[in-house]
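Visitor: Pasting protein.pdb below, which is PDB, N, CA and C atoms and all ligand atoms.
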ATOM      1  N   MET A   1     143.535 152.753 148.112
ATOM      2  CA  MET A   1     143.805 151.734 149.109
ATOM      3  C   MET A   1     142.472 151.192 149.628
ATOM      4  N   LEU A   2     142.360 149.892 149.732
ATOM      5  CA  LEU A   2     141.171 149.241 150.265
ATOM      6  C   LEU A   2     141.471 148.708 151.660
ATOM      7  N   ILE A   3     140.503 148.874 152.554
ATOM      8  CA  ILE A   3     140.592 148.276 153.885
ATOM      9  C   ILE A   3     139.449 147.292 154.007
ATOM     10  N   ASN A   4     139.783 146.074 154.445
ATOM     11  CA  ASN A   4     138.787 145.013 154.548
ATOM     12  C   ASN A   4     138.110 145.059 155.920
ATOM     13  N   CYS A   5     136.988 145.765 156.012
ATOM     14  CA  CYS A   5     136.258 145.872 157.281
ATOM     15  C   CYS A   5     135.721 144.491 157.665
ATOM     16  N   PRO A   6     135.887 144.072 158.929
ATOM     17  CA  PRO A   6     135.389 142.747 159.343
ATOM     18  C   PRO A   6     133.877 142.595 159.153
ATOM     19  N   TYR A   7     133.119 143.680 159.217
ATOM     20  CA  TYR A   7     131.666 143.594 159.046
ATOM     21  C   TYR A   7     131.222 143.839 157.610
ATOM     22  N   CYS A   8     131.851 144.795 156.927
ATOM     23  CA  CYS A   8     131.357 145.273 155.626
ATOM     24  C   CYS A   8     132.128 144.735 154.431
ATOM     25  N   GLY A   9     133.321 144.183 154.643
ATOM     26  CA  GLY A   9     134.129 143.729 153.531
ATOM     27  C   GLY A   9     135.029 144.846 153.019
ATOM     28  N   PRO A  10     135.659 144.636 151.858
ATOM     29  CA  PRO A  10     136.596 145.629 151.329
ATOM     30  C   PRO A  10     135.897 146.946 150.989
ATOM     31  N   ARG A  11     136.440 148.035 151.522
ATOM     32  CA  ARG A  11     135.882 149.364 151.272
ATOM     33  C   ARG A  11     137.027 150.343 150.998
ATOM     34  N   ASP A  12     136.696 151.413 150.297
ATOM     35  CA  ASP A  12     137.698 152.411 149.950
ATOM     36  C   ASP A  12     138.173 153.159 151.197
ATOM     37  N   LEU A  13     139.403 153.596 151.150
ATOM     38  CA  LEU A  13     140.000 154.341 152.263
ATOM     39  C   LEU A  13     139.175 155.566 152.648
ATOM     40  N   SER A  14     138.496 156.174 151.690
ATOM     41  CA  SER A  14     137.736 157.401 151.963
ATOM     42  C   SER A  14     136.610 157.174 152.977
ATOM     43  N   GLU A  15     136.206 155.922 153.205
ATOM     44  CA  GLU A  15     135.158 155.623 154.184
ATOM     45  C   GLU A  15     135.706 155.513 155.606
ATOM     46  N   PHE A  16     137.018 155.558 155.763
ATOM     47  CA  PHE A  16     137.642 155.312 157.068
ATOM     48  C   PHE A  16     138.299 156.575 157.612
ATOM     49  N   THR A  17     138.396 156.644 158.924
ATOM     50  CA  THR A  17     139.079 157.734 159.610
ATOM     51  C   THR A  17     140.196 157.148 160.458
ATOM     52  N   TYR A  18     141.385 157.718 160.309
ATOM     53  CA  TYR A  18     142.527 157.274 161.092
ATOM     54  C   TYR A  18     142.313 157.673 162.552
ATOM     55  N   ARG A  19     142.486 156.727 163.473
ATOM     56  CA  ARG A  19     142.253 157.005 164.892
ATOM     57  C   ARG A  19     143.497 156.897 165.752
ATOM     58  N   GLY A  20     144.640 156.660 165.118
ATOM     59  CA  GLY A  20     145.869 156.742 165.887
ATOM     60  C   GLY A  20     146.710 155.487 165.920
ATOM     61  N   ASP A  21     147.855 155.680 166.528
ATOM     62  CA  ASP A  21     148.873 154.651 166.677
ATOM     63  C   ASP A  21     148.393 153.608 167.694
ATOM     64  N   ALA A  22     148.467 152.344 167.352
ATOM     65  CA  ALA A  22     148.029 151.290 168.265
ATOM     66  C   ALA A  22     149.175 150.730 169.089
ATOM     67  N   ASN A  23     150.328 151.336 169.008
ATOM     68  CA  ASN A  23     151.480 150.876 169.796
ATOM     69  C   ASN A  23     151.476 151.402 171.218
ATOM     70  N   ARG A  24     150.750 152.472 171.465
ATOM     71  CA  ARG A  24     150.832 153.140 172.747
ATOM     72  C   ARG A  24     149.949 152.465 173.794
ATOM     73  N   THR A  25     150.365 152.540 175.032
ATOM     74  CA  THR A  25     149.588 152.013 176.144
ATOM     75  C   THR A  25     149.170 153.174 177.027
ATOM     76  N   ARG A  26     147.876 153.359 177.183
ATOM     77  CA  ARG A  26     147.354 154.471 177.974
ATOM     78  C   ARG A  26     147.539 154.185 179.463
ATOM     79  N   PRO A  27     148.064 155.165 180.213
ATOM     80  CA  PRO A  27     148.157 154.973 181.661
ATOM     81  C   PRO A  27     146.749 154.835 182.267
ATOM     82  N   ALA A  28     146.687 154.294 183.452
ATOM     83  CA  ALA A  28     145.394 154.172 184.139
ATOM     84  C   ALA A  28     144.785 155.558 184.316
ATOM     85  N   ASP A  29     143.454 155.639 184.258
ATOM     86  CA  ASP A  29     142.773 156.930 184.382
ATOM     87  C   ASP A  29     143.124 157.655 185.670
ATOM     88  N   THR A  30     143.420 156.900 186.705
ATOM     89  CA  THR A  30     143.732 157.496 188.001
ATOM     90  C   THR A  30     145.219 157.794 188.177
ATOM     91  N   SER A  31     146.027 157.468 187.175
ATOM     92  CA  SER A  31     147.470 157.679 187.275
ATOM     93  C   SER A  31     147.809 159.166 187.307
ATOM     94  N   THR A  32     148.741 159.521 188.176
ATOM     95  CA  THR A  32     149.234 160.897 188.226
ATOM     96  C   THR A  32     150.699 160.959 187.791
ATOM     97  N   ASP A  33     151.163 159.901 187.155
ATOM     98  CA  ASP A  33     152.542 159.830 186.682
ATOM     99  C   ASP A  33     152.685 160.714 185.439
ATOM    100  N   GLN A  34     153.259 161.909 185.626
ATOM    101  CA  GLN A  34     153.370 162.866 184.518
ATOM    102  C   GLN A  34     154.238 162.339 183.378
ATOM    103  N   ALA A  35     155.288 161.588 183.707
ATOM    104  CA  ALA A  35     156.170 161.053 182.668
ATOM    105  C   ALA A  35     155.422 160.037 181.796
ATOM    106  N   ALA A  36     154.583 159.219 182.437
ATOM    107  CA  ALA A  36     153.807 158.231 181.688
ATOM    108  C   ALA A  36     152.791 158.913 180.770
ATOM    109  N   TRP A  37     152.115 159.948 181.296
ATOM    110  CA  TRP A  37     151.144 160.681 180.464
ATOM    111  C   TRP A  37     151.839 161.443 179.351
ATOM    112  N   ASN A  38     152.993 162.021 179.641
ATOM    113  CA  ASN A  38     153.751 162.735 178.618
ATOM    114  C   ASN A  38     154.160 161.783 177.486
ATOM    115  N   ALA A  39     154.636 160.600 177.868
ATOM    116  CA  ALA A  39     155.028 159.612 176.861
ATOM    117  C   ALA A  39     153.821 159.171 176.041
ATOM    118  N   TYR A  40     152.679 158.976 176.694
ATOM    119  CA  TYR A  40     151.476 158.526 175.997
ATOM    120  C   TYR A  40     150.986 159.577 174.995
ATOM    121  N   VAL A  41     151.031 160.835 175.393
ATOM    122  CA  VAL A  41     150.470 161.893 174.547
ATOM    123  C   VAL A  41     151.431 162.326 173.436
ATOM    124  N   TYR A  42     152.729 162.417 173.746
ATOM    125  CA  TYR A  42     153.638 163.063 172.803
ATOM    126  C   TYR A  42     154.624 162.147 172.088
ATOM    127  N   GLU A  43     155.000 161.041 172.692
ATOM    128  CA  GLU A  43     156.050 160.223 172.090
ATOM    129  C   GLU A  43     155.463 159.254 171.071
ATOM    130  N   ARG A  44     156.094 159.203 169.904
ATOM    131  CA  ARG A  44     155.646 158.329 168.823
ATOM    132  C   ARG A  44     156.808 157.486 168.325
ATOM    133  N   VAL A  45     156.479 156.282 167.855
ATOM    134  CA  VAL A  45     157.458 155.421 167.221
ATOM    135  C   VAL A  45     157.325 155.634 165.719
ATOM    136  N   ASN A  46     158.410 155.945 165.060
ATOM    137  CA  ASN A  46     158.386 156.176 163.622
ATOM    138  C   ASN A  46     158.850 154.906 162.919
ATOM    139  N   THR A  47     157.948 153.950 162.792
ATOM    140  CA  THR A  47     158.272 152.641 162.269
ATOM    141  C   THR A  47     158.432 152.667 160.753
ATOM    142  N   ALA A  48     159.458 151.988 160.260
ATOM    143  CA  ALA A  48     159.611 151.759 158.824
ATOM    144  C   ALA A  48     159.276 150.294 158.579
ATOM    145  N   GLY A  49     158.020 150.020 158.220
ATOM    146  CA  GLY A  49     157.572 148.640 158.029
ATOM    147  C   GLY A  49     156.186 148.476 158.617
ATOM    148  N   ASP A  50     155.858 147.251 159.031
ATOM    149  CA  ASP A  50     154.525 146.985 159.579
ATOM    150  C   ASP A  50     154.282 147.793 160.843
ATOM    151  N   HIS A  51     153.120 148.425 160.890
ATOM    152  CA  HIS A  51     152.790 149.316 161.995
ATOM    153  C   HIS A  51     151.315 149.147 162.354
ATOM    154  N   PRO A  52     150.977 148.871 163.635
ATOM    155  CA  PRO A  52     149.565 148.724 164.017
ATOM    156  C   PRO A  52     148.902 150.091 164.178
ATOM    157  N   GLU A  53     147.725 150.230 163.593
ATOM    158  CA  GLU A  53     147.000 151.505 163.634
ATOM    159  C   GLU A  53     145.530 151.255 163.929
ATOM    160  N   TYR A  54     144.908 152.211 164.628
ATOM    161  CA  TYR A  54     143.465 152.171 164.821
ATOM    162  C   TYR A  54     142.804 152.992 163.723
ATOM    163  N   TRP A  55     141.763 152.424 163.138
ATOM    164  CA  TRP A  55     140.952 153.110 162.143
ATOM    165  C   TRP A  55     139.495 152.921 162.533
ATOM    166  N   GLN A  56     138.651 153.843 162.086
ATOM    167  CA  GLN A  56     137.212 153.695 162.301
ATOM    168  C   GLN A  56     136.520 153.707 160.948
ATOM    169  N   HIS A  57     135.581 152.796 160.749
ATOM    170  CA  HIS A  57     134.808 152.774 159.508
ATOM    171  C   HIS A  57     133.690 153.815 159.648
ATOM    172  N   SER A  58     134.088 155.069 159.644
ATOM    173  CA  SER A  58     133.162 156.181 159.922
ATOM    174  C   SER A  58     132.126 156.362 158.821
ATOM    175  N   GLY A  59     132.427 155.912 157.618
ATOM    176  CA  GLY A  59     131.463 156.027 156.532
ATOM    177  C   GLY A  59     130.681 154.751 156.319
ATOM    178  N   GLY A  60     130.694 153.867 157.306
ATOM    179  CA  GLY A  60     130.006 152.583 157.175
ATOM    180  C   GLY A  60     129.434 152.145 158.502
ATOM    181  N   CYS A  61     129.922 151.032 159.028
ATOM    182  CA  CYS A  61     129.359 150.446 160.239
ATOM    183  C   CYS A  61     129.850 151.131 161.519
ATOM    184  N   ARG A  62     130.800 152.052 161.406
ATOM    185  CA  ARG A  62     131.341 152.841 162.511
ATOM    186  C   ARG A  62     132.169 152.017 163.506
ATOM    187  N   SER A  63     132.513 150.786 163.167
ATOM    188  CA  SER A  63     133.316 149.984 164.085
ATOM    189  C   SER A  63     134.770 150.457 164.058
ATOM    190  N   HIS A  64     135.437 150.265 165.183
ATOM    191  CA  HIS A  64     136.857 150.568 165.302
ATOM    192  C   HIS A  64     137.629 149.298 164.993
ATOM    193  N   ILE A  65     138.635 149.415 164.158
ATOM    194  CA  ILE A  65     139.393 148.250 163.734
ATOM    195  C   ILE A  65     140.881 148.480 163.939
ATOM    196  N   LEU A  66     141.598 147.379 164.055
ATOM    197  CA  LEU A  66     143.047 147.399 164.196
ATOM    198  C   LEU A  66     143.633 146.952 162.862
ATOM    199  N   VAL A  67     144.403 147.817 162.237
ATOM    200  CA  VAL A  67     144.968 147.550 160.913
ATOM    201  C   VAL A  67     146.485 147.463 161.033
ATOM    202  N   MET A  68     147.060 146.381 160.518
ATOM    203  CA  MET A  68     148.517 146.258 160.453
ATOM    204  C   MET A  68     148.928 146.675 159.043
ATOM    205  N   ARG A  69     149.513 147.889 158.933
ATOM    206  CA  ARG A  69     149.820 148.462 157.620
ATOM    207  C   ARG A  69     151.310 148.755 157.525
ATOM    208  N   SER A  70     151.892 148.462 156.365
ATOM    209  CA  SER A  70     153.296 148.786 156.140
ATOM    210  C   SER A  70     153.402 150.269 155.824
ATOM    211  N   THR A  71     154.248 150.971 156.565
ATOM    212  CA  THR A  71     154.434 152.395 156.300
ATOM    213  C   THR A  71     155.300 152.613 155.065
ATOM    214  N   LEU A  72     155.920 151.562 154.555
ATOM    215  CA  LEU A  72     156.763 151.686 153.358
ATOM    216  C   LEU A  72     155.963 151.480 152.081
ATOM    217  N   THR A  73     155.044 150.505 152.088
ATOM    218  CA  THR A  73     154.317 150.146 150.862
ATOM    219  C   THR A  73     152.811 150.392 150.968
ATOM    220  N   HIS A  74     152.302 150.723 152.147
ATOM    221  CA  HIS A  74     150.872 150.873 152.446
ATOM    222  C   HIS A  74     150.112 149.550 152.312
ATOM    223  N   GLU A  75     150.814 148.450 152.169
ATOM    224  CA  GLU A  75     150.177 147.138 152.084
ATOM    225  C   GLU A  75     149.628 146.775 153.463
ATOM    226  N   ILE A  76     148.401 146.266 153.480
ATOM    227  CA  ILE A  76     147.759 145.899 154.742
ATOM    228  C   ILE A  76     147.925 144.402 154.965
ATOM    229  N   ALA A  77     148.569 144.037 156.072
ATOM    230  CA  ALA A  77     148.826 142.635 156.377
ATOM    231  C   ALA A  77     147.645 141.990 157.094
ATOM    232  N   SER A  78     146.951 142.741 157.959
ATOM    233  CA  SER A  78     145.818 142.158 158.685
ATOM    234  C   SER A  78     144.874 143.258 159.160
ATOM    235  N   VAL A  79     143.613 142.867 159.350
ATOM    236  CA  VAL A  79     142.578 143.758 159.888
ATOM    237  C   VAL A  79     141.762 142.956 160.884
ATOM    238  N   SER A  80     141.538 143.518 162.066
ATOM    239  CA  SER A  80     140.686 142.852 163.055
ATOM    240  C   SER A  80     139.932 143.915 163.831
ATOM    241  N   LEU A  81     138.926 143.504 164.534
ATOM    242  CA  LEU A  81     138.181 144.441 165.365
ATOM    243  C   LEU A  81     139.078 144.899 166.501
ATOM    244  N   ALA A  82     139.003 146.170 166.851
ATOM    245  CA  ALA A  82     139.876 146.709 167.880
ATOM    246  C   ALA A  82     139.572 146.113 169.250
ATOM    247  N   ARG A  83     138.334 145.768 169.493
ATOM    248  CA  ARG A  83     137.963 145.236 170.808
ATOM    249  C   ARG A  83     137.839 143.723 170.820
ATOM    250  N   GLY A  84     138.316 143.046 169.819
ATOM    251  CA  GLY A  84     138.306 141.599 169.810
ATOM    252  C   GLY A  84     137.044 141.020 169.216
ATOM    253  N   GLN A  85     136.977 139.710 169.244
ATOM    254  CA  GLN A  85     135.906 138.998 168.564
ATOM    255  C   GLN A  85     134.654 138.831 169.408
ATOM    256  N   LYS A  86     134.704 139.095 170.723
ATOM    257  CA  LYS A  86     133.532 138.876 171.564
ATOM    258  C   LYS A  86     132.353 139.709 171.106
ATOM    259  N   LYS A  87     132.583 141.010 170.846
ATOM    260  CA  LYS A  87     131.483 141.875 170.423
ATOM    261  C   LYS A  87     130.986 141.482 169.045
ATOM    262  N   ALA A  88     131.921 141.096 168.148
ATOM    263  CA  ALA A  88     131.508 140.728 166.800
ATOM    264  C   ALA A  88     130.596 139.508 166.845
ATOM    265  N   SER A  89     130.952 138.517 167.653
ATOM    266  CA  SER A  89     130.115 137.327 167.722
ATOM    267  C   SER A  89     128.795 137.645 168.408
ATOM    268  N   ALA A  90     128.806 138.528 169.394
ATOM    269  CA  ALA A  90     127.561 138.913 170.063
ATOM    270  C   ALA A  90     126.640 139.633 169.092
ATOM    271  N   ARG A  91     127.200 140.497 168.246
ATOM    272  CA  ARG A  91     126.383 141.230 167.288
ATOM    273  C   ARG A  91     125.794 140.273 166.260
ATOM    274  N   ARG A  92     126.565 139.275 165.839
ATOM    275  CA  ARG A  92     126.047 138.299 164.882
ATOM    276  C   ARG A  92     124.889 137.508 165.501
ATOM    277  N   GLN A  93     125.013 137.184 166.799
ATOM    278  CA  GLN A  93     123.943 136.425 167.450
ATOM    279  C   GLN A  93     122.671 137.254 167.543
ATOM    280  N   GLN A  94     122.814 138.580 167.746
ATOM    281  CA  GLN A  94     121.631 139.429 167.806
ATOM    282  C   GLN A  94     120.875 139.398 166.486
ATOM    283  N   LYS A  95     121.614 139.381 165.373
ATOM    284  CA  LYS A  95     120.969 139.362 164.070
ATOM    285  C   LYS A  95     120.209 138.062 163.840
ATOM    286  N   LYS A  96     120.648 136.981 164.487
ATOM    287  CA  LYS A  96     120.018 135.682 164.276
ATOM    288  C   LYS A  96     118.744 135.507 165.101
ATOM    289  N   ARG A  97     118.508 136.428 166.044
ATOM    290  CA  ARG A  97     117.306 136.313 166.865
ATOM    291  C   ARG A  97     116.065 136.374 165.983
ATOM    292  N   PRO A  98     115.025 135.618 166.323
ATOM    293  CA  PRO A  98     113.798 135.693 165.534
ATOM    294  C   PRO A  98     113.152 137.066 165.684
ATOM    295  N   ALA A  99     112.433 137.483 164.673
ATOM    296  CA  ALA A  99     111.763 138.775 164.704
ATOM    297  C   ALA A  99     110.739 138.799 165.832
ATOM    298  N   ARG A 100     110.459 140.010 166.342
ATOM    299  CA  ARG A 100     109.481 140.130 167.436
ATOM    300  C   ARG A 100     108.127 139.634 166.962
ATOM    301  N   ARG A 101     107.447 139.030 167.885
ATOM    302  CA  ARG A 101     106.129 138.495 167.539
ATOM    303  C   ARG A 101     105.163 139.639 167.290
ATOM    304  N   ARG A 102     104.264 139.431 166.384
ATOM    305  CA  ARG A 102     103.270 140.448 166.097
ATOM    306  C   ARG A 102     102.278 140.532 167.242
ATOM    307  N   GLN A 103     101.564 141.640 167.332
ATOM    308  CA  GLN A 103     100.631 141.898 168.422
ATOM    309  C   GLN A 103      99.585 140.781 168.548
ATOM    310  N   GLU A 104      99.066 140.294 167.426
ATOM    311  CA  GLU A 104      98.010 139.274 167.512
ATOM    312  C   GLU A 104      98.528 137.930 167.987
ATOM    313  N   ASP A 105      99.858 137.687 167.861
ATOM    314  CA  ASP A 105     100.441 136.428 168.327
ATOM    315  C   ASP A 105     100.532 136.383 169.852
ATOM    316  N   ARG A 106     100.545 137.543 170.495
ATOM    317  CA  ARG A 106     100.752 137.596 171.945
ATOM    318  C   ARG A 106      99.497 137.264 172.720
ATOM    319  N   THR A 107      98.360 137.393 172.145
ATOM    320  CA  THR A 107      97.116 137.190 172.897
ATOM    321  C   THR A 107      96.656 135.756 172.867
TER     322      THR A 107
HETATM  323 ZN    ZN A 201     132.378 148.420 158.367
END
Using the file provided, produce a representation of the structure as structure tokens.
Ligand SMILES: [Zn+2]
Guide:
Amino acid sequence: MLINCPYCGPRDLSEFTYRGDANRTRPADTSTDQAAWNAYVYERVNTAGDHPEYWQHSGGCRSHILVMRSTLTHEIASVSLARGQKKASARRQQKKRPARRRQEDRT
């Protein structure tokens, strides 16, 4: 199975680590609602079909990605960065910055 990393392109599954179900909503850190925490930690949806999952490109750029994968066919419908496009565009802009000036250029 290949996963198309937004930064690195198509890579083998062996480079990725499964990071969990993306359907769940974490309660607020300050929440003391035991039922909400119990549901977050233990309850899972057993979807037959497209299912959103978090993966990390642990053998590559280490970015966390959101993968929409069919649990029936393992076909991947979409891949995006887990935290959205803001960080991706910011990282691209950093790469475009000119190289630091050499010591003799500063004087
Ligand atoms: Zn990557």
Visitor: Kindly indicate which residue among A:His64, A:His51, A:Arg44, A:Arg26 lies nearest to ligand ZN 201 (chain A), using all atoms listed in the file for the distances.
Guide: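 Closest residue, counting all atoms listed in the file: A:His64.
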Visitor: Work out how far apart atom C of Thr17 of chain A and atom C of Ser70 of chain A are and give it in Å to one decimal.
Guide: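 Rounded to one decimal, the two atoms are 15.6 Å apart.
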Visitor: Within 6 Å of ligand ZN 201 (chain A), which residues of chain A come that close, and what is the closest atom pair and distance in Å for each? Count only N, CA and C atoms and all ligand atoms and give it as a tab-separated table.
Guide:
residue	atom	partner	partner_atom	distance
A:Cys5	CA	A:ZN201	ZN	4.8
A:Pro6	N	A:ZN201	ZN	5.6
A:Tyr7	C	A:ZN201	ZN	4.8
A:Cys8	N	A:ZN201	ZN	3.9
A:Gly9	N	A:ZN201	ZN	5.7
A:His57	CA	A:ZN201	ZN	5.1
A:Gly60	C	A:ZN201	ZN	4.7
A:Cys61	N	A:ZN201	ZN	3.6
A:Arg62	N	A:ZN201	ZN	5.0
A:Ser63	N	A:ZN201	ZN	5.4
Visitor: Just to confirm, what's the straight-line distance from atom C of Val79 of chain A to atom N of Asn4 of chain A in Å (one decimal)?
Guide: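 Atom-to-atom, atom C of Val79 of chain A and atom N of Asn4 of chain A are spaced 7.4 Å apart.
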Visitor: Could you tell me which residues the PyMOL selection byres (((chain A and resi 19) around 6) and not hetatm) returns for this structure, as a ChimeraX atom specification?
Guide: /A:17-18,20-21,54-56
Visitor: Work out how far atom N of Glu53 of chain A is from atom C of Asn38 of chain A, in Å to one decimal.
Guide: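 Value for the atom C of Asn38 of chain A-atom N of Glu53 of chain A distance: 19.2 Å.
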Visitor: Excluding Arg24 of chain A and residues on its chain fewer than 4 positions from it, collect all residues at most 8 Å away from it, counting all atoms listed in the file, and give them as number ranges by chain.
Guide: A: 20, 39-40, 43, 45, 52
Visitor: Those same residues, written as a CSV table (one decimal), keeping the file's coordinate frame with N, CA and C atoms?
Guide:
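Generated file (selection-v8.csv):
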chain,number,residue,atom,x,y,z
A,20,GLY,N,144.6,156.7,165.1
A,20,GLY,CA,145.9,156.7,165.9
A,20,GLY,C,146.7,155.5,165.9
A,39,ALA,N,154.6,160.6,177.9
A,39,ALA,CA,155.0,159.6,176.9
A,39,ALA,C,153.8,159.2,176.0
A,40,TYR,N,152.7,159.0,176.7
A,40,TYR,CA,151.5,158.5,176.0
A,40,TYR,C,151.0,159.6,175.0
A,43,GLU,N,155.0,161.0,172.7
A,43,GLU,CA,156.0,160.2,172.1
A,43,GLU,C,155.5,159.3,171.1
A,45,VAL,N,156.5,156.3,167.9
A,45,VAL,CA,157.5,155.4,167.2
A,45,VAL,C,157.3,155.6,165.7
A,52,PRO,N,151.0,148.9,163.6
A,52,PRO,CA,149.6,148.7,164.0
A,52,PRO,C,148.9,150.1,164.2
Visitor: Using the file's own x, y and z axes, what box holds all listed atoms of segment 6-18 of chain A with 5 Å on each side, keeping edges along x, y and z, and what are its centre and edge lengths in Å to one decimal, as AutoDock Vina command-line options?
Guide:
--center_x 136.9 --center_y 150.2 --center_z 156.3 --size_x 21.3 --size_y 25.1 --size_z 22.6
Visitor: Only N, CA and C atoms, as a short mmCIF file (atom, residue, chain, number, x, y, z; two decimals), in the first residue's frame: that is what I want for segment 58-74 of chain A.
Guide:
data_model
loop_
_atom_site.label_atom_id
_atom_site.label_comp_id
_atom_site.auth_asym_id
_atom_site.auth_seq_id
_atom_site.Cartn_x
_atom_site.Cartn_y
_atom_site.Cartn_z
N SER A 58 6.67 8.59 9.92
CA SER A 58 7.76 8.43 10.89
C SER A 58 9.08 8.05 10.24
N GLY A 59 9.03 7.46 9.06
CA GLY A 59 10.26 7.10 8.37
C GLY A 59 10.66 8.13 7.33
N GLY A 60 10.09 9.32 7.42
CA GLY A 60 10.37 10.36 6.43
C GLY A 60 10.36 11.73 7.08
N CYS A 61 9.43 12.58 6.67
CA CYS A 61 9.40 13.96 7.13
C CYS A 61 8.78 14.12 8.53
N ARG A 62 8.23 13.05 9.08
CA ARG A 62 7.64 13.01 10.42
C ARG A 62 6.35 13.82 10.56
N SER A 63 5.77 14.26 9.45
CA SER A 63 4.53 15.03 9.54
C SER A 63 3.36 14.09 9.85
N HIS A 64 2.37 14.64 10.52
CA HIS A 64 1.13 13.92 10.81
C HIS A 64 0.15 14.23 9.70
N ILE A 65 -0.48 13.20 9.17
CA ILE A 65 -1.39 13.37 8.05
C ILE A 65 -2.73 12.72 8.35
N LEU A 66 -3.75 13.21 7.66
CA LEU A 66 -5.10 12.67 7.77
C LEU A 66 -5.37 11.87 6.50
N VAL A 67 -5.62 10.59 6.66
CA VAL A 67 -5.82 9.69 5.52
C VAL A 67 -7.25 9.18 5.54
N MET A 68 -7.95 9.32 4.41
CA MET A 68 -9.28 8.74 4.27
C MET A 68 -9.11 7.41 3.55
N ARG A 69 -9.25 6.30 4.32
CA ARG A 69 -8.96 4.97 3.78
C ARG A 69 -10.20 4.09 3.91
N SER A 70 -10.47 3.30 2.87
CA SER A 70 -11.58 2.36 2.93
C SER A 70 -11.14 1.15 3.74
N THR A 71 -11.92 0.81 4.75
CA THR A 71 -11.58 -0.37 5.56
C THR A 71 -11.93 -1.65 4.82
N LEU A 72 -12.66 -1.55 3.72
CA LEU A 72 -13.03 -2.75 2.95
C LEU A 72 -11.98 -3.08 1.89
N THR A 73 -11.44 -2.06 1.22
CA THR A 73 -10.53 -2.29 0.10
C THR A 73 -9.12 -1.75 0.35
N HIS A 74 -8.91 -1.01 1.43
CA HIS A 74 -7.66 -0.31 1.75
C HIS A 74 -7.32 0.79 0.74
#
